[in-house]
Structure formats: structure tokens, C-alpha cells
Amino acid sequence: MRDGIRIIDADAHVIEPASLWEQYLDEPFRAHAPRQVGLTFGFEFDDFTVNLPGQWSPGGSAEDVARLSERIQATFAELFPAAYAEGFSAPAQVRDMDREGVDISFLYPSFGLFVLASDSIEPAFAGALARAYNNWMADFCATDPARLKGIAMLPLHDPALAAAEAERCATELGFTGAFARPNPIHGRNFDDPAYDDLWSVMSRHSMALGLHEGGFPRLPQVVNGRLRHPEQVHICTHPMEQMIAAVSIIYGGVLERFPGLRVAFLEAGCGWVPFWLHRMDEHWENSRRRNFGSNQVLQASPSDYFRRQCYVSADSGEYMLGQVIDLIGDDGIVFTTDYPHPDSPWPHAAEEFLGLPGVSDESRRKILWDNALALYGQTPGP
């Protein structure tokens, strides 16, 4: 709580221990556990790598990897000294939540954003990696289950396995959300019928789908073949991949077919949403009015589906938030700190958010608490 206001962090992160995969993987897969490379957010598999500096810039060497790991470790030690000293344990995370004033955190991965980010992973292995991560996350959250809320990893390499894992996470582990990268796996966008069983499971269990981009996956990405500089890539991919995912999920009819599915577009700010909804709505109106030959015309406008089933995270310093609220309302916006990533404003995220201009007290209350409860299907507390 900060200044008497309850706060939910709808997109916090964990820093997974390097030992997670060997400790939690099923025995048949343990010998092939991915090797986490320092704190570079990258992995070495038996015959390929994901998100290592060599993929960030041509000619990246082992020395580049070592230097990057050292820089990231130094940054963590500077910004989050207590949590870093404890290996970002669950108790340390709760203490840092107290410093920020966060009551509940919904936890997304850091390294786990990349462990399945390749088409080269065999589906059965992808399923084993997801189970290992989800079991570890359940143990992590058991430290304080009222405040730490796990978000499940889904092995989208096999949609049937993904649906089964979502079912397990909902019924056995008690997770109320699952995450996916917006990049297509095996060429499947989110409106591919192969995912219909997954959306059905998530709808039935009131599980939210959180979409989260990051880094350099071995998957299609909007900047592929064009940009290599990490900051340029980061500027572009976070919002642009979310925009493409929104077209697939909304204009592709997923939300129309599955009215119980809720989707969150995370860590890309919210300023892109009014423009993008307007653009989709224009195309929808033209399709209805002029019949351009589309075989699929939504029953309602894209913005209607967004308001009914979608959420977007606002950055704590997003000074245009008031204008966004004027355009799309305040029911579909949630608050995030991005803890404990180097660009997180922790422990001043809540303070920055509360100081944003043009946001009413009622809107603050909804964005900091009510909307996240609705997104993740939680029962409001006293």
C-alpha cells in the first residue's frame, strides 16, 4: 500500500535461478537441460543458442558474453542490492514489494521469456521445460501465496500440450494466468484454429493471457533483417509486436469466438492503443460497408472487443495516460513496475504513477487495484 492506496503489480518479474532447469526438469530431459549463460538472459541448448550477444551483433564473442554478464550483475547489485545478495529469493521479493508499496504481484519470467523462444525445440521438450518452470514458480509463490501469484509458461510448440499444461496449472497449481511471447511459433499466429482448445481451456478456468515481448528470440520478429542495435530493437519490438498480436487476437476473431478469454498487452506502454483501435475500427467499417471480399467480418468493432476483454499496462511515468483514458476509458488499464529489471523505476514506480497529471483518484484506484483483479479473475478483498 502506498499513500493509503492498495496496489497490484500486474507485470512483475522473477529472476530464476540457473539451477531451475536441472532441478525441476523431468528425468528423461534433464541431461539436455538448457544452460543459462550468466545473467545475459541467454541460453545454450545442445545445438543452438537463444538471446546471446552473438545474436545481438555480428561477431559477438565469448568475451562479449562475459562482459555483458558482468555488466548486468553489476546493475542488479547496484539497483537491487538486498535481493541480488539473496539470489532474488521469494522472501527478498516480498520485502522489495513492501519497499515499493505493492500488495500483490503477478509474476512473469525473466530468463523464462527466452527458454522456449525457438522453433528448434522439440514439442515434448518444450512441454517438459514449461512443466519444470511452472512447478518451480508454484514453489516460489508458496512462500507467500496471498501476495505472490504465478503466471504459467505455455509450450506453444504443441497446442495440445499447451492446453493440457494450462489445465494442469489452473487445477493443480492455482495459476490464474499464462504468458506467451507475441512472436509466432512454427508460423502460427494467435488466430490459428490450432490454438482453439487452449483458448477454450483458459476461458473455462478464467485464466488471463499475458503477452510479453523481449530480446532477440529465434522466432519471427518485426525488426528481423533490419535492426540489430539492442536499444533500437527494444524501442520497436515491445509495442510493435503487441500491435501485431492485437490484430491477430482481435481482428482474427479469437475474442469473438471465446468471449471468456481475457488478454493483457504488457510492457509496451498504453499510448499505442487509441491509434491502433481506431485503425482497426476503420478497416472493420470499410469491410462491412464495402464488402472487400473478406470471409470474416466481426460482429462488433475491434474496439468493442478490446473494451470487453483486453487490458494494457501503463508505465509508471507514462505522462500521456490522462489522454489515453480520455480516449479509451480507464477500465482496461493496469499498473506495472517491471521489477526487478534494470529499466524498472523501483522503488519509485508507485510514486511516479501517483504523480501523473490528468488522472483522477477514481482512475488511479481502478488502475492500481480493481482492473488487475478483473484481469486475473480474482475476488476483491475487503
# chains A, B, ... in the order shown; residues from 1 in each chain; ligands from 1

$ residues_around --residues "Ser105 of chain A" --least-positions-apart "6" --cutoff "6 Å" --atoms "only C-alpha atoms" --output "ChimeraX atom specification"
/A:8-9,12,148

$ residues_around --residues "Phe335 of chain A" --least-positions-apart "3" --cutoff "9 Å" --atoms "only C-alpha atoms" --output "list in words"
Ile7, Ile8, Asp9, Ala10, Asp11, Val312, Ser313, Ala314, Asp315, Ser316, Ala350, Phe353, Ile367, Leu368, Trp369, Asn371 and Ala372 of chain A

$ select_by_dssp --residues "segment 260-294 of chain A" --states "alpha helix (DSSP H)" --output "list in words"
Trp272, Val273, Pro274, Phe275, Trp276, Leu277, His278, Arg279, Met280, Asp281, Glu282, His283, Trp284, Glu285, Asn286, Ser287, Arg288, Arg289 and Arg290 of chain A

$ closest_residue --among "A:Gln73, A:Ser110, A:Asn135, A:Ser206" --to "Gln378 of chain A" --atoms "only C-alpha atoms"
A:Ser206

$ residues_around --residues "Gln232 of chain A" --least-positions-apart "5" --cutoff "10 Å" --atoms "only C-alpha atoms" --output "PyMOL selection string"
chain A and resi 223+227+237

$ select_by_dssp --residues "segment 314-346 of chain A" --states "strand (DSSP E or B)" --output "list in words"
Ala314, Ile333, Val334 and Phe335 of chain A

$ residues_around --residues "Ala66 of chain A" --least-positions-apart "5" --cutoff "9 Å" --atoms "only C-alpha atoms" --output "ChimeraX atom specification"
/A:37-38,40,61,71

$ atom_distance --atom1 "atom CA of Thr336 of chain A" --atom2 "atom CA of Leu266 of chain A"
8.5 Å

$ residues_around --residues "Ile185 of chain A" --least-positions-apart "3" --cutoff "7 Å" --atoms "only C-alpha atoms" --output "VMD selection string"
chain A and resid 119 156 to 157 188 219

$ closest_atom_pairs --of "segment 319-382 of chain A" --to "segment 270-288 of chain A" --cutoff "9 Å" --atoms "only C-alpha atoms" --output "tab-separated table"
residue	atom	partner	partner_atom	distance
A:Met320	CA	A:Gly271	CA	6.9
A:Leu321	CA	A:Gly271	CA	7.3
A:Gln323	CA	A:Gly271	CA	8.7
A:Val324	CA	A:Gly271	CA	6.4
A:Leu327	CA	A:Pro274	CA	6.4
A:Ile328	CA	A:Pro274	CA	6.5
A:Ile333	CA	A:Cys270	CA	7.8

$ closest_residue --among "A:Ala92, A:Leu161, A:Leu255, A:Ala180" --to "Arg307 of chain A" --atoms "only C-alpha atoms"
A:Leu255

$ atom_distance --atom1 "atom CA of Gly252 of chain A" --atom2 "atom CA of Ala124 of chain A"
28.1 Å

$ atom_distance --atom1 "atom CA of Met153 of chain A" --atom2 "atom CA of Ala349 of chain A"
26.1 Å

$ closest_residue --among "A:Glu16, A:Arg365, A:Ile151, A:Ala77" --to "Gly4 of chain A" --atoms "only C-alpha atoms"
A:Arg365

$ closest_residue --among "A:Ile235, A:Leu113, A:Ala164, A:Cys169" --to "Pro182 of chain A" --atoms "only C-alpha atoms"
A:Leu113

$ closest_residue --among "A:Cys236, A:Arg168, A:Pro259, A:Arg228" --to "Ser200 of chain A" --atoms "only C-alpha atoms"
A:Pro259

$ closest_residue --among "A:Leu79, A:Leu39, A:Leu261, A:Ile325" --to "Ala208 of chain A" --atoms "only C-alpha atoms"
A:Leu261

$ residues_around --residues "Glu213 of chain A" --least-positions-apart "4" --cutoff "10 Å" --atoms "only C-alpha atoms" --output "list in words"
Leu113, Phe114, Ala180, Arg181, Pro182, Asn183, Pro217, Gln221, His234, Thr237, His238, Pro239, Met240, Glu241, Gln242, Phe265, Leu266, Glu267 and Ala268 of chain A

$ residues_around --residues "Met137 of chain A" --least-positions-apart "6" --cutoff "9 Å" --atoms "only C-alpha atoms" --output "PDB file with N, CA and C atoms, in the first residue's frame"
ATOM      1  N   VAL A  14      10.281 -12.361 -11.930  1.00  0.00           N
ATOM      2  CA  VAL A  14      11.189 -13.110 -11.068  1.00  0.00           C
ATOM      3  C   VAL A  14      12.538 -13.213 -11.778  1.00  0.00           C
ATOM      4  N   GLU A  16      14.960 -16.131 -12.220  1.00  0.00           N
ATOM      5  CA  GLU A  16      15.014 -17.559 -11.991  1.00  0.00           C
ATOM      6  C   GLU A  16      16.451 -18.010 -11.714  1.00  0.00           C
ATOM      7  N   LEU A 107       3.501 -12.624 -11.304  1.00  0.00           N
ATOM      8  CA  LEU A 107       4.911 -12.831 -11.607  1.00  0.00           C
ATOM      9  C   LEU A 107       5.131 -13.464 -12.977  1.00  0.00           C
ATOM     10  N   LYS A 149       1.767 -14.300  -7.005  1.00  0.00           N
ATOM     11  CA  LYS A 149       0.845 -15.004  -7.896  1.00  0.00           C
ATOM     12  C   LYS A 149       1.579 -15.414  -9.173  1.00  0.00           C
ATOM     13  N   GLY A 150       1.659 -16.709  -9.407  1.00  0.00           N
ATOM     14  CA  GLY A 150       2.389 -17.218 -10.549  1.00  0.00           C
ATOM     15  C   GLY A 150       1.621 -17.127 -11.854  1.00  0.00           C
ATOM     16  N   ILE A 151       2.348 -16.843 -12.928  1.00  0.00           N
ATOM     17  CA  ILE A 151       1.814 -16.846 -14.288  1.00  0.00           C
ATOM     18  C   ILE A 151       2.471 -17.995 -15.036  1.00  0.00           C
ATOM     19  N   ALA A 152       1.690 -18.829 -15.672  1.00  0.00           N
ATOM     20  CA  ALA A 152       2.179 -20.086 -16.236  1.00  0.00           C
ATOM     21  C   ALA A 152       2.892 -19.888 -17.569  1.00  0.00           C
TER      22      ALA A 152
END
